[in-house]
file run_33.pdb (PDB, C-alpha atoms)
MODEL        1
ATOM      1  CA  MET A  30      14.578   5.611   4.318
ATOM      2  CA  ASN A  31      11.769   3.096   4.674
ATOM      3  CA  LYS A  32      12.345  -0.176   2.796
ATOM      4  CA  ILE A  33       8.886  -1.728   3.242
ATOM      5  CA  PRO A  34       6.641  -1.176   0.205
ATOM      6  CA  ASN A  35       2.919  -0.644   0.736
ATOM      7  CA  ARG A  36       2.155  -3.989  -0.934
ATOM      8  CA  GLN A  37       4.180  -5.753   1.759
ATOM      9  CA  ALA A  38       2.285  -3.860   4.450
ATOM     10  CA  ILE A  39      -0.957  -5.195   2.955
ATOM     11  CA  CYS A  40       0.327  -8.767   3.157
ATOM     12  CA  GLU A  41       1.505  -8.337   6.744
ATOM     13  CA  VAL A  42      -1.892  -7.121   7.958
ATOM     14  CA  LEU A  43      -3.751  -9.853   6.094
ATOM     15  CA  MET A  44      -1.434 -12.533   7.475
ATOM     16  CA  GLU A  45      -1.908 -11.317  11.021
ATOM     17  CA  ARG A  46      -5.683 -11.180  10.714
ATOM     18  CA  ALA A  47      -5.974 -14.465   8.786
ATOM     19  CA  LYS A  48      -4.721 -16.346  11.846
ATOM     20  CA  GLU A  49      -8.133 -15.807  13.411
ATOM     21  CA  ASP A  50     -10.330 -14.915  10.443
ATOM     22  CA  LYS A  51     -10.644 -17.858   8.058
ATOM     23  CA  ASP A  52     -12.947 -15.853   5.788
ATOM     24  CA  ILE A  53     -10.023 -13.791   4.503
ATOM     25  CA  VAL A  54      -9.031 -15.012   1.036
ATOM     26  CA  VAL A  55      -6.218 -13.630  -1.134
ATOM     27  CA  LEU A  56      -6.362 -14.117  -4.888
ATOM     28  CA  CYS A  57      -3.633 -13.416  -7.434
ATOM     29  CA  SER A  58      -3.281 -13.539 -11.203
ATOM     30  CA  ASP A  59       0.184 -15.080 -11.431
ATOM     31  CA  SER A  60       1.389 -12.115  -9.389
ATOM     32  CA  ARG A  61       1.963 -13.371  -5.846
ATOM     33  CA  GLY A  62       5.630 -12.332  -5.991
ATOM     34  CA  SER A  63       4.949  -8.884  -7.451
ATOM     35  CA  ALA A  64       2.145  -8.375  -4.937
ATOM     36  CA  SER A  65       4.317  -9.509  -1.987
ATOM     37  CA  MET A  66       1.715 -12.202  -1.291
ATOM     38  CA  THR A  67       4.058 -15.220  -1.413
ATOM     39  CA  PRO A  68       4.292 -15.375   2.413
ATOM     40  CA  PHE A  69       0.502 -15.414   2.638
ATOM     41  CA  ALA A  70       0.221 -18.186   0.038
ATOM     42  CA  GLU A  71       2.791 -20.286   1.881
ATOM     43  CA  ARG A  72       1.321 -19.719   5.343
ATOM     44  CA  PHE A  73      -2.373 -19.965   4.416
ATOM     45  CA  PRO A  74      -2.638 -22.170   1.308
ATOM     46  CA  GLU A  75      -6.313 -22.929   2.044
ATOM     47  CA  GLN A  76      -7.060 -19.195   1.963
ATOM     48  CA  PHE A  77      -5.149 -18.448  -1.224
ATOM     49  CA  VAL A  78      -6.344 -18.773  -4.826
ATOM     50  CA  GLU A  79      -4.034 -18.557  -7.832
ATOM     51  CA  VAL A  80      -6.074 -17.982 -10.986
ATOM     52  CA  GLY A  81      -3.159 -17.490 -13.379
ATOM     53  CA  ILE A  82      -3.060 -14.751 -15.996
ATOM     54  CA  ALA A  83      -6.835 -14.329 -16.119
ATOM     55  CA  GLU A  84      -7.783 -11.012 -14.596
ATOM     56  CA  GLN A  85     -11.470 -11.245 -15.554
ATOM     57  CA  ASN A  86     -11.721 -14.555 -13.708
ATOM     58  CA  LEU A  87      -9.789 -13.102 -10.776
ATOM     59  CA  VAL A  88     -12.427 -10.431 -10.239
ATOM     60  CA  SER A  89     -15.453 -12.639 -10.894
ATOM     61  CA  ILE A  90     -14.187 -15.399  -8.575
ATOM     62  CA  SER A  91     -13.586 -12.758  -5.909
ATOM     63  CA  ALA A  92     -17.154 -11.512  -6.301
ATOM     64  CA  GLY A  93     -18.455 -15.069  -5.993
ATOM     65  CA  LEU A  94     -16.452 -15.613  -2.823
ATOM     66  CA  ALA A  95     -17.806 -12.356  -1.404
ATOM     67  CA  LYS A  96     -21.362 -13.548  -2.038
ATOM     68  CA  CYS A  97     -20.420 -16.647   0.026
ATOM     69  CA  LYS A  98     -19.506 -14.326   2.936
ATOM     70  CA  LYS A  99     -15.748 -14.494   2.346
ATOM     71  CA  LYS A 100     -13.500 -11.400   2.429
ATOM     72  CA  PRO A 101     -11.579 -11.514  -0.853
ATOM     73  CA  PHE A 102      -8.512  -9.384  -1.579
ATOM     74  CA  ALA A 103      -7.598  -9.697  -5.265
ATOM     75  CA  ALA A 104      -4.111  -8.510  -6.270
ATOM     76  CA  SER A 105      -2.965  -7.969  -9.834
ATOM     77  CA  PRO A 106      -0.886  -5.408 -11.748
ATOM     78  CA  ALA A 107      -2.862  -2.166 -11.881
ATOM     79  CA  CYS A 108      -2.374  -1.922 -15.641
ATOM     80  CA  PHE A 109      -4.253  -5.193 -16.197
ATOM     81  CA  LEU A 110      -6.683  -5.137 -13.279
ATOM     82  CA  SER A 111      -8.081  -1.767 -14.353
ATOM     83  CA  THR A 112      -8.428  -2.628 -18.044
ATOM     84  CA  ARG A 113      -8.805  -6.335 -18.734
ATOM     85  CA  SER A 114     -11.294  -6.840 -15.907
ATOM     86  CA  TYR A 115     -13.029  -3.468 -16.051
ATOM     87  CA  ASP A 116     -16.444  -4.925 -16.874
ATOM     88  CA  GLN A 117     -16.180  -7.456 -14.047
ATOM     89  CA  ALA A 118     -15.117  -4.729 -11.612
ATOM     90  CA  LYS A 119     -18.066  -2.633 -12.714
ATOM     91  CA  VAL A 120     -20.788  -5.309 -12.755
ATOM     92  CA  ASP A 121     -19.645  -8.113 -10.435
ATOM     93  CA  CYS A 122     -18.179  -5.841  -7.763
ATOM     94  CA  ALA A 123     -19.521  -2.290  -7.861
ATOM     95  CA  TYR A 124     -22.997  -2.707  -9.361
ATOM     96  CA  SER A 125     -23.583  -5.848  -7.287
ATOM     97  CA  ASN A 126     -22.140  -4.110  -4.199
ATOM     98  CA  THR A 127     -19.945  -7.043  -3.251
ATOM     99  CA  ASN A 128     -17.333  -7.024  -0.513
ATOM    100  CA  VAL A 129     -14.335  -7.243  -2.857
ATOM    101  CA  THR A 130     -11.075  -5.378  -2.400
ATOM    102  CA  LEU A 131      -9.160  -5.054  -5.655
ATOM    103  CA  ILE A 132      -5.457  -4.302  -5.221
ATOM    104  CA  GLY A 133      -3.758  -2.713  -8.206
ATOM    105  CA  ILE A 134      -0.048  -3.271  -7.706
ATOM    106  CA  SER A 135       2.829  -1.442  -9.377
ATOM    107  CA  GLY A 136       0.659   1.501 -10.362
ATOM    108  CA  GLY A 137       1.835   4.337 -12.573
ATOM    109  CA  ILE A 138       5.130   3.610 -14.287
ATOM    110  CA  SER A 139       6.444   1.364 -11.515
ATOM    111  CA  TYR A 140       7.216  -1.417 -13.987
ATOM    112  CA  GLY A 141       9.657   0.912 -15.731
ATOM    113  CA  ALA A 142      11.507  -0.868 -18.526
ATOM    114  CA  LEU A 143       8.655  -3.319 -19.153
ATOM    115  CA  GLY A 144       7.128  -0.467 -21.103
ATOM    116  CA  MET A 145       3.746   1.045 -21.782
ATOM    117  CA  SER A 146       1.901  -2.272 -21.794
ATOM    118  CA  HIS A 147       2.691  -2.516 -18.068
ATOM    119  CA  HIS A 148       2.179   1.163 -17.187
ATOM    120  CA  SER A 149      -1.109   2.362 -15.698
ATOM    121  CA  ALA A 150      -1.725   6.062 -16.059
ATOM    122  CA  GLN A 151      -5.491   5.649 -16.384
ATOM    123  CA  ASP A 152      -6.438   3.312 -13.541
ATOM    124  CA  ILE A 153      -7.306   5.965 -10.947
ATOM    125  CA  ALA A 154      -9.635   7.791 -13.348
ATOM    126  CA  ALA A 155     -11.139   4.583 -14.743
ATOM    127  CA  MET A 156     -11.905   2.982 -11.391
ATOM    128  CA  SER A 157     -13.143   6.283  -9.915
ATOM    129  CA  ALA A 158     -15.633   6.541 -12.785
ATOM    130  CA  ILE A 159     -17.421   3.368 -11.675
ATOM    131  CA  PRO A 160     -20.391   4.191  -9.426
ATOM    132  CA  ASN A 161     -20.114   2.524  -6.016
ATOM    133  CA  MET A 162     -16.382   1.790  -6.409
ATOM    134  CA  ARG A 163     -14.208   3.538  -3.838
ATOM    135  CA  VAL A 164     -10.603   4.233  -4.829
ATOM    136  CA  TYR A 165      -7.763   4.483  -2.310
ATOM    137  CA  LEU A 166      -4.132   5.518  -2.705
ATOM    138  CA  PRO A 167      -2.575   5.078   0.745
ATOM    139  CA  SER A 168       0.391   7.370   1.287
ATOM    140  CA  ASP A 169       2.737   5.107   3.247
ATOM    141  CA  ARG A 170       2.978   1.708   4.954
ATOM    142  CA  PHE A 171       1.294   2.919   8.125
ATOM    143  CA  GLN A 172      -1.715   4.379   6.357
ATOM    144  CA  THR A 173      -1.843   1.264   4.166
ATOM    145  CA  ALA A 174      -2.077  -0.929   7.255
ATOM    146  CA  LYS A 175      -4.851   1.250   8.722
ATOM    147  CA  LEU A 176      -6.749   1.082   5.427
ATOM    148  CA  ILE A 177      -6.588  -2.710   5.262
ATOM    149  CA  GLU A 178      -7.744  -2.989   8.876
ATOM    150  CA  ALA A 179     -10.701  -0.732   8.051
ATOM    151  CA  LEU A 180     -11.572  -2.646   4.875
ATOM    152  CA  LEU A 181     -11.634  -5.890   6.848
ATOM    153  CA  GLN A 182     -14.510  -4.380   8.831
ATOM    154  CA  ASP A 183     -16.167  -2.997   5.712
ATOM    155  CA  GLU A 184     -18.502  -4.686   3.228
ATOM    156  CA  LYS A 185     -18.290  -2.462   0.168
ATOM    157  CA  PRO A 186     -16.270  -2.756  -3.061
ATOM    158  CA  SER A 187     -12.967  -0.922  -3.258
ATOM    159  CA  TYR A 188      -9.861  -0.464  -5.372
ATOM    160  CA  ILE A 189      -6.477   0.144  -3.762
ATOM    161  CA  ARG A 190      -3.634   1.401  -5.926
ATOM    162  CA  VAL A 191      -0.054   0.987  -4.687
ATOM    163  CA  GLY A 192       3.308   1.494  -6.325
ATOM    164  CA  ARG A 193       6.027  -1.100  -6.670
ATOM    165  CA  ASN A 194       8.726   0.415  -4.474
ATOM    166  CA  ALA A 195       8.881   1.528  -0.878
ATOM    167  CA  VAL A 196       7.998   5.161  -0.221
ATOM    168  CA  GLU A 197       9.122   7.458   2.549
ATOM    169  CA  ASP A 198       7.063   7.406   5.723
ATOM    170  CA  ILE A 199       4.676  10.281   6.250
ATOM    171  CA  TYR A 200       3.248   8.927   9.483
ATOM    172  CA  THR A 201       4.552   6.775  12.309
ATOM    173  CA  GLU A 202       3.096   3.661  13.851
ATOM    174  CA  ASP A 203       2.059   5.705  16.893
ATOM    175  CA  ASN A 204       0.768   8.690  14.933
ATOM    176  CA  CYS A 205      -1.317   7.739  11.930
ATOM    177  CA  PRO A 206      -4.740   9.399  12.094
ATOM    178  CA  PHE A 207      -7.180   7.612   9.821
ATOM    179  CA  GLU A 208     -10.890   7.760   9.164
ATOM    180  CA  MET A 209     -12.513   5.738   6.422
ATOM    181  CA  ASP A 210     -13.488   7.762   3.339
ATOM    182  CA  ARG A 211     -12.157  11.040   4.725
ATOM    183  CA  ALA A 212      -9.001  12.904   3.795
ATOM    184  CA  THR A 213      -6.395  13.448   6.483
ATOM    185  CA  VAL A 214      -5.042  16.973   6.937
ATOM    186  CA  VAL A 215      -1.276  16.589   7.299
ATOM    187  CA  CYS A 216      -0.762  20.228   8.261
ATOM    188  CA  GLU A 217      -2.692  23.466   8.195
ATOM    189  CA  GLY A 218      -1.468  26.285   5.987
ATOM    190  CA  SER A 219      -1.977  30.037   5.896
ATOM    191  CA  ASP A 220      -1.033  30.761   2.277
ATOM    192  CA  LYS A 221      -3.860  31.512  -0.117
ATOM    193  CA  GLU A 222      -4.220  32.784  -3.609
ATOM    194  CA  ASN A 223      -6.345  35.777  -4.476
ATOM    195  CA  LEU A 224      -8.612  34.271  -7.104
ATOM    196  CA  SER A 225     -10.523  37.506  -7.579
ATOM    197  CA  GLN A 226      -7.545  39.024  -9.415
ATOM    198  CA  MET A 227      -7.220  36.177 -11.907
TER     199      MET A 227
ENDMDL
END
call {"tool": "encode", "arguments": {"input": "run_33.pdb", "output": "structure tokens"}}
result
Amino acid sequence: MNKIPNRQAICEVLMERAKEDKDIVVLCSDSRGSASMTPFAERFPEQFVEVGIAEQNLVSISAGLAKCKKKPFAASPACFLSTRSYDQAKVDCAYSNTNVTLIGISGGISYGALGMSHHSAQDIAAMSAIPNMRVYLPSDRFQTAKLIEALLQDEKPSYIRVGRNAVEDIYTEDNCPFEMDRATVVCEGSDKENLSQM
């Protein structure tokens, strides 16, 4: 069983690329531990911004950095990022078409016992409803890494939603087909339902 959560895979790719690309900036809302971004903050303090528990500011600062040609990756719990900063995500990122990657961590009910205030059952629908905002749910650590690599070459707003815990691998490092904004067919099937009889 894989023990590397997707959020850690995000950090690993960003750390590797940040060695050469000083435009990469990671921002957190008092969530660097939950987002697995502590190693990035320690290794690249000049490329890390801690805004505290202020999700609206997190998103707006990210948009400002993007307008200055930086590549901001803003990580915050999905439950707060998709609600408290919804207007900023809509206007500052999507409507303004800024190169901001929003990372909703611990999506769904990942926070468990912390209760409904920390659960995010609506974030996928809410973020998908914003015109010009692309929403991604990478399936495993390998696809997560490919997605981050692609977004580093991209200049459009996006929202990534990852869970808290590690998930089983679907792909391997050597076999992870990926094309931006296209679904990947894992396997072909022959079963079909006769809809005409329904």
call {"tool": "closest_atom_pairs", "arguments": {"input": "run_33.pdb", "of": "region 161-211 of chain A", "to": "region 43-64 of chain A", "cutoff": "9 Å", "atoms": "all atoms listed in the file", "output": "tab-separated table"}}
result
residue	atom	partner	partner_atom	distance
A:Ile177	CA	A:Leu43	CA	7.7
A:Glu178	CA	A:Leu43	CA	8.4
A:Leu181	CA	A:Ile53	CA	8.4
A:Arg193	CA	A:Ser63	CA	7.9
call {"tool": "closest_residue", "arguments": {"input": "run_33.pdb", "among": "A:Gly93, A:Lys32, A:Ile39, A:Phe109", "to": "Ala179 (chain A)", "atoms": "all atoms listed in the file"}}
result
A:Ile39
call {"tool": "resolve_selection", "arguments": {"input": "run_33.pdb", "expression": "the PyMOL selection byres ((chain A and resi 112-120) around 12)", "output": "PyMOL selection string"}}
result
chain A and resi 58+82-93+103+105-111+121-133+146-163+186-188
call {"tool": "closest_residue", "arguments": {"input": "run_33.pdb", "among": "A:Ala95, A:Val215, A:Ile138, A:Ala104", "to": "Gly81 (chain A)", "atoms": "only C-alpha atoms"}}
result
A:Ala104
call {"tool": "closest_residue", "arguments": {"input": "run_33.pdb", "among": "A:Met66, A:Cys205, A:Leu166, A:Ala212", "to": "Val78 (chain A)", "atoms": "all atoms listed in the file"}}
result
A:Met66
call {"tool": "resolve_selection", "arguments": {"input": "run_33.pdb", "expression": "the PyMOL selection byres ((chain A and resi 206) around 12)", "output": "ChimeraX atom specification"}}
result
/A:171-176,199-205,207-209,211-215
call {"tool": "closest_residue", "arguments": {"input": "run_33.pdb", "among": "A:Asp198, A:Glu71, A:Asp210, A:Asp220", "to": "Cys40 (chain A)", "atoms": "all atoms listed in the file"}}
result
A:Glu71
call {"tool": "atom_distance", "arguments": {"input": "run_33.pdb", "atom1": "CA of Ile33 (chain A)", "atom2": "CA of Ser65 (chain A)"}}
result
10.4 Å
call {"tool": "axis_aligned_box", "arguments": {"input": "run_33.pdb", "around": "region 102-121 of chain A", "padding_each_side": "4 Å", "output": "AutoDock Vina command-line options"}}
result
--center_x -10.8 --center_y -5.7 --center_z -10.2 --size_x 27.9 --size_y 15.9 --size_z 25.2
call {"tool": "atom_distance", "arguments": {"input": "run_33.pdb", "atom1": "CA of Ala142 (chain A)", "atom2": "CA of Pro68 (chain A)"}}
result
26.5 Å
call {"tool": "closest_residue", "arguments": {"input": "run_33.pdb", "among": "A:Leu180, A:Phe77, A:Ser135, A:Tyr165", "to": "Val42 (chain A)", "atoms": "all atoms listed in the file"}}
result
A:Leu180
call {"tool": "atom_distance", "arguments": {"input": "run_33.pdb", "atom1": "CA of Gly136 (chain A)", "atom2": "CA of Arg190 (chain A)"}}
result
6.2 Å
